[in-house]
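*Asks:* Input coords_36.pdb, format and content: PDB, C-alpha atoms.
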ATOM      1  CA  MET L   1     -16.675 -12.522   4.130  1.00  0.00           C
ATOM      2  CA  LYS L   2     -13.059 -13.354   3.324  1.00  0.00           C
ATOM      3  CA  GLU L   3     -10.542 -10.749   4.446  1.00  0.00           C
ATOM      4  CA  ILE L   4      -9.006  -8.880   1.525  1.00  0.00           C
ATOM      5  CA  THR L   5      -5.279  -8.226   1.701  1.00  0.00           C
ATOM      6  CA  ALA L   6      -3.726  -5.173   0.092  1.00  0.00           C
ATOM      7  CA  VAL L   7      -0.439  -3.468  -0.638  1.00  0.00           C
ATOM      8  CA  VAL L   8      -0.275   0.300  -0.864  1.00  0.00           C
ATOM      9  CA  ILE L   9       1.874   2.308  -3.242  1.00  0.00           C
ATOM     10  CA  GLY L  10       2.243   5.843  -1.970  1.00  0.00           C
ATOM     11  CA  ALA L  11       1.560   6.315   1.750  1.00  0.00           C
ATOM     12  CA  GLY L  12       0.388   9.899   1.951  1.00  0.00           C
ATOM     13  CA  ASN L  13      -2.942  11.309   3.104  1.00  0.00           C
ATOM     14  CA  ARG L  14      -4.953   9.555   0.397  1.00  0.00           C
ATOM     15  CA  ALA L  15      -3.607   6.142   1.399  1.00  0.00           C
ATOM     16  CA  ASP L  16      -4.214   6.818   5.068  1.00  0.00           C
ATOM     17  CA  CYS L  17      -7.834   7.837   4.391  1.00  0.00           C
ATOM     18  CA  TYR L  18      -8.512   4.684   2.381  1.00  0.00           C
ATOM     19  CA  ALA L  19      -6.644   2.439   4.824  1.00  0.00           C
ATOM     20  CA  GLU L  20      -8.664   3.671   7.815  1.00  0.00           C
ATOM     21  CA  TYR L  21     -11.342   1.259   6.622  1.00  0.00           C
ATOM     22  CA  SER L  22      -9.154  -1.639   7.760  1.00  0.00           C
ATOM     23  CA  LEU L  23      -9.090  -0.264  11.306  1.00  0.00           C
ATOM     24  CA  ASN L  24     -12.828   0.389  11.381  1.00  0.00           C
ATOM     25  CA  TYR L  25     -13.702  -3.026   9.931  1.00  0.00           C
ATOM     26  CA  PRO L  26     -11.112  -5.535  11.144  1.00  0.00           C
ATOM     27  CA  GLY L  27     -11.265  -8.868   9.391  1.00  0.00           C
ATOM     28  CA  GLN L  28     -12.410  -7.314   6.121  1.00  0.00           C
ATOM     29  CA  LEU L  29      -9.218  -5.596   4.929  1.00  0.00           C
ATOM     30  CA  SER L  30      -5.584  -5.710   5.990  1.00  0.00           C
ATOM     31  CA  PHE L  31      -2.382  -4.275   4.565  1.00  0.00           C
ATOM     32  CA  THR L  32       0.611  -6.500   3.934  1.00  0.00           C
ATOM     33  CA  ALA L  33       3.142  -4.095   2.388  1.00  0.00           C
ATOM     34  CA  VAL L  34       3.823  -0.444   1.646  1.00  0.00           C
ATOM     35  CA  ALA L  35       5.995   1.332  -0.927  1.00  0.00           C
ATOM     36  CA  GLU L  36       6.774   4.955  -0.063  1.00  0.00           C
ATOM     37  CA  PRO L  37       9.963   6.940  -0.767  1.00  0.00           C
ATOM     38  CA  ILE L  38       9.499   9.322   2.176  1.00  0.00           C
ATOM     39  CA  LYS L  39      10.812   7.385   5.156  1.00  0.00           C
ATOM     40  CA  GLU L  40       8.606   9.079   7.772  1.00  0.00           C
ATOM     41  CA  ARG L  41       5.443   8.319   5.815  1.00  0.00           C
ATOM     42  CA  ALA L  42       6.464   4.716   5.257  1.00  0.00           C
ATOM     43  CA  GLU L  43       7.231   4.271   8.964  1.00  0.00           C
ATOM     44  CA  TYR L  44       3.922   5.870   9.987  1.00  0.00           C
ATOM     45  CA  PHE L  45       1.943   3.603   7.657  1.00  0.00           C
ATOM     46  CA  LYS L  46       3.913   0.532   8.721  1.00  0.00           C
ATOM     47  CA  THR L  47       3.265   1.183  12.385  1.00  0.00           C
ATOM     48  CA  LYS L  48      -0.376   2.213  12.091  1.00  0.00           C
ATOM     49  CA  TYR L  49      -1.351  -0.730   9.878  1.00  0.00           C
ATOM     50  CA  ASN L  50       0.937  -3.346  11.430  1.00  0.00           C
ATOM     51  CA  ILE L  51       3.068  -4.081   8.371  1.00  0.00           C
ATOM     52  CA  PRO L  52       6.201  -6.204   8.897  1.00  0.00           C
ATOM     53  CA  ASP L  53       9.547  -4.417   8.512  1.00  0.00           C
ATOM     54  CA  ASP L  54      10.474  -6.708   5.605  1.00  0.00           C
ATOM     55  CA  ASN L  55       7.461  -5.469   3.653  1.00  0.00           C
ATOM     56  CA  VAL L  56       8.323  -1.769   3.682  1.00  0.00           C
ATOM     57  CA  PHE L  57       9.861  -0.522   0.430  1.00  0.00           C
ATOM     58  CA  ASP L  58      11.072   2.872  -0.738  1.00  0.00           C
ATOM     59  CA  ASP L  59      10.246   2.116  -4.380  1.00  0.00           C
ATOM     60  CA  TRP L  60       7.109   0.584  -5.846  1.00  0.00           C
ATOM     61  CA  LYS L  61       9.189  -1.234  -8.475  1.00  0.00           C
ATOM     62  CA  VAL L  62      10.883  -3.234  -5.723  1.00  0.00           C
ATOM     63  CA  LEU L  63       7.552  -4.063  -4.094  1.00  0.00           C
ATOM     64  CA  LEU L  64       6.048  -5.265  -7.362  1.00  0.00           C
ATOM     65  CA  SER L  65       9.138  -7.350  -8.170  1.00  0.00           C
ATOM     66  CA  LYS L  66       8.421  -9.544  -5.125  1.00  0.00           C
ATOM     67  CA  PRO L  67       6.177 -12.605  -5.151  1.00  0.00           C
ATOM     68  CA  LYS L  68       2.474 -11.820  -4.744  1.00  0.00           C
ATOM     69  CA  MET L  69       1.801 -10.331  -1.297  1.00  0.00           C
ATOM     70  CA  ALA L  70      -1.865  -9.392  -1.504  1.00  0.00           C
ATOM     71  CA  ASP L  71      -5.169  -9.629  -3.306  1.00  0.00           C
ATOM     72  CA  VAL L  72      -5.191  -5.973  -4.408  1.00  0.00           C
ATOM     73  CA  ALA L  73      -2.967  -2.934  -4.764  1.00  0.00           C
ATOM     74  CA  PHE L  74      -4.014   0.541  -3.688  1.00  0.00           C
ATOM     75  CA  ILE L  75      -2.253   3.018  -5.993  1.00  0.00           C
ATOM     76  CA  CYS L  76      -2.122   6.170  -3.869  1.00  0.00           C
ATOM     77  CA  THR L  77       0.644   8.093  -5.553  1.00  0.00           C
ATOM     78  CA  GLN L  78       0.084  11.580  -6.894  1.00  0.00           C
ATOM     79  CA  ASP L  79      -2.418  11.499  -9.746  1.00  0.00           C
ATOM     80  CA  LYS L  80       0.210  12.195 -12.394  1.00  0.00           C
ATOM     81  CA  MET L  81       2.199   9.194 -11.129  1.00  0.00           C
ATOM     82  CA  HIS L  82      -0.597   6.552 -11.179  1.00  0.00           C
ATOM     83  CA  PHE L  83      -0.204   5.079 -14.638  1.00  0.00           C
ATOM     84  CA  GLU L  84       3.070   3.147 -14.440  1.00  0.00           C
ATOM     85  CA  PRO L  85       2.524   1.360 -11.101  1.00  0.00           C
ATOM     86  CA  ALA L  86      -1.128   0.699 -11.940  1.00  0.00           C
ATOM     87  CA  MET L  87      -0.257  -0.932 -15.249  1.00  0.00           C
ATOM     88  CA  LYS L  88       2.497  -3.035 -13.643  1.00  0.00           C
ATOM     89  CA  ALA L  89       0.149  -4.152 -10.861  1.00  0.00           C
ATOM     90  CA  LEU L  90      -2.497  -5.099 -13.438  1.00  0.00           C
ATOM     91  CA  ASP L  91       0.082  -7.161 -15.342  1.00  0.00           C
ATOM     92  CA  LEU L  92       0.820  -9.079 -12.182  1.00  0.00           C
TER      93      LEU L  92
END
How does this structure look as structure tokens?
*Replies:*
Amino acid sequence: MKEITAVVIGAGNRADCYAEYSLNYPGQLSFTAVAEPIKERAEYFKTKYNIPDDNVFDDWKVLLSKPKMADVAFICTQDKMHFEPAMKALDL
């Protein structure tokens, strides 16, 4: 099975629950970037999932303006905030 790479938009509890899969099944899923406006959450996710400093963003718009970094995007913002980043990610 080819490892799937992912970016995460919104690094709260939901993202951490989903991302745990990558720790339990190494070689199947890895995270390449995170977009999270709360610095402590972004730092926690970066450290736990081994994301390079250059791939930590405080705004999803900045993350999605970069060249493709992953196979998929996990949209883990608050439910009411899903639409805009999801539609932009689908466009890309």
*Asks:* Would you kindly return, as a ChimeraX atom specification, each protein, DNA or RNA residue with an atom no farther than 10 Å from any atom of stretch 50-59 of chain L, considering all atoms listed in the file and excluding same-chain residues fewer than 5 positions away?
*Replies:* /L:7-10,30-39,42-45,64,66,69
*Asks:* Which one is closest to L:Asp71: L:Leu92, L:Cys17, L:Met87, L:Met1? Count only C-alpha atoms.
*Replies:*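 The closest residue to L:Asp71 is L:Leu92.
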*Asks:* Pick the closest to L:Val72 from L:Gly12, L:Lys48, L:Trp60, L:Ala86: which is it, counting only C-alpha atoms?
*Replies:*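 With only C-alpha atoms as the atom set, the closest residue is L:Ala86.
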*Asks:* Using all atoms of stretch 12-26 of chain L that appear in the file, construct an axis-aligned enclosing box with 5 Å of padding on every side and provide its centre coordinates and edge lengths in Å, rounded to one decimal, as lines of an AutoDock Vina configuration file.
*Replies:*
center_x = -6.7
center_y = 2.9
center_z = 5.9
size_x = 24.1
size_y = 26.8
size_z = 21.0
*Asks:* For L:Ala89, which of L:Leu23, L:Ala73, L:Ala6, L:Ala11 is the closest residue, counting only C-alpha atoms?
*Replies:*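 Closest to L:Ala89, using only C-alpha atoms: L:Ala73.
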*Asks:* Here is a test: counting all atoms listed in the file, which residue of L:Lys88, L:Ser65, L:Ile4, L:His82 is nearest to L:Tyr25?
*Replies:*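 Closest candidate: L:Ile4.
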*Asks:* For atom CA of L:Cys76 and atom CA of L:Gln28, quote the distance in Å rounded to one decimal.
*Replies:*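 These atoms are spaced 19.7 Å apart.
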*Asks:* Do you have the atom CA of L:Pro85-atom CA of L:Lys68 distance handy?
*Replies:*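 Atom-to-atom, atom CA of L:Pro85 and atom CA of L:Lys68 are spaced 14.6 Å apart.
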*Asks:* Atom CA of L:Ile75 to atom CA of L:Arg14: how many Å, to one decimal?
*Replies:*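 Atom CA of L:Ile75 sits 9.5 Å away from atom CA of L:Arg14.
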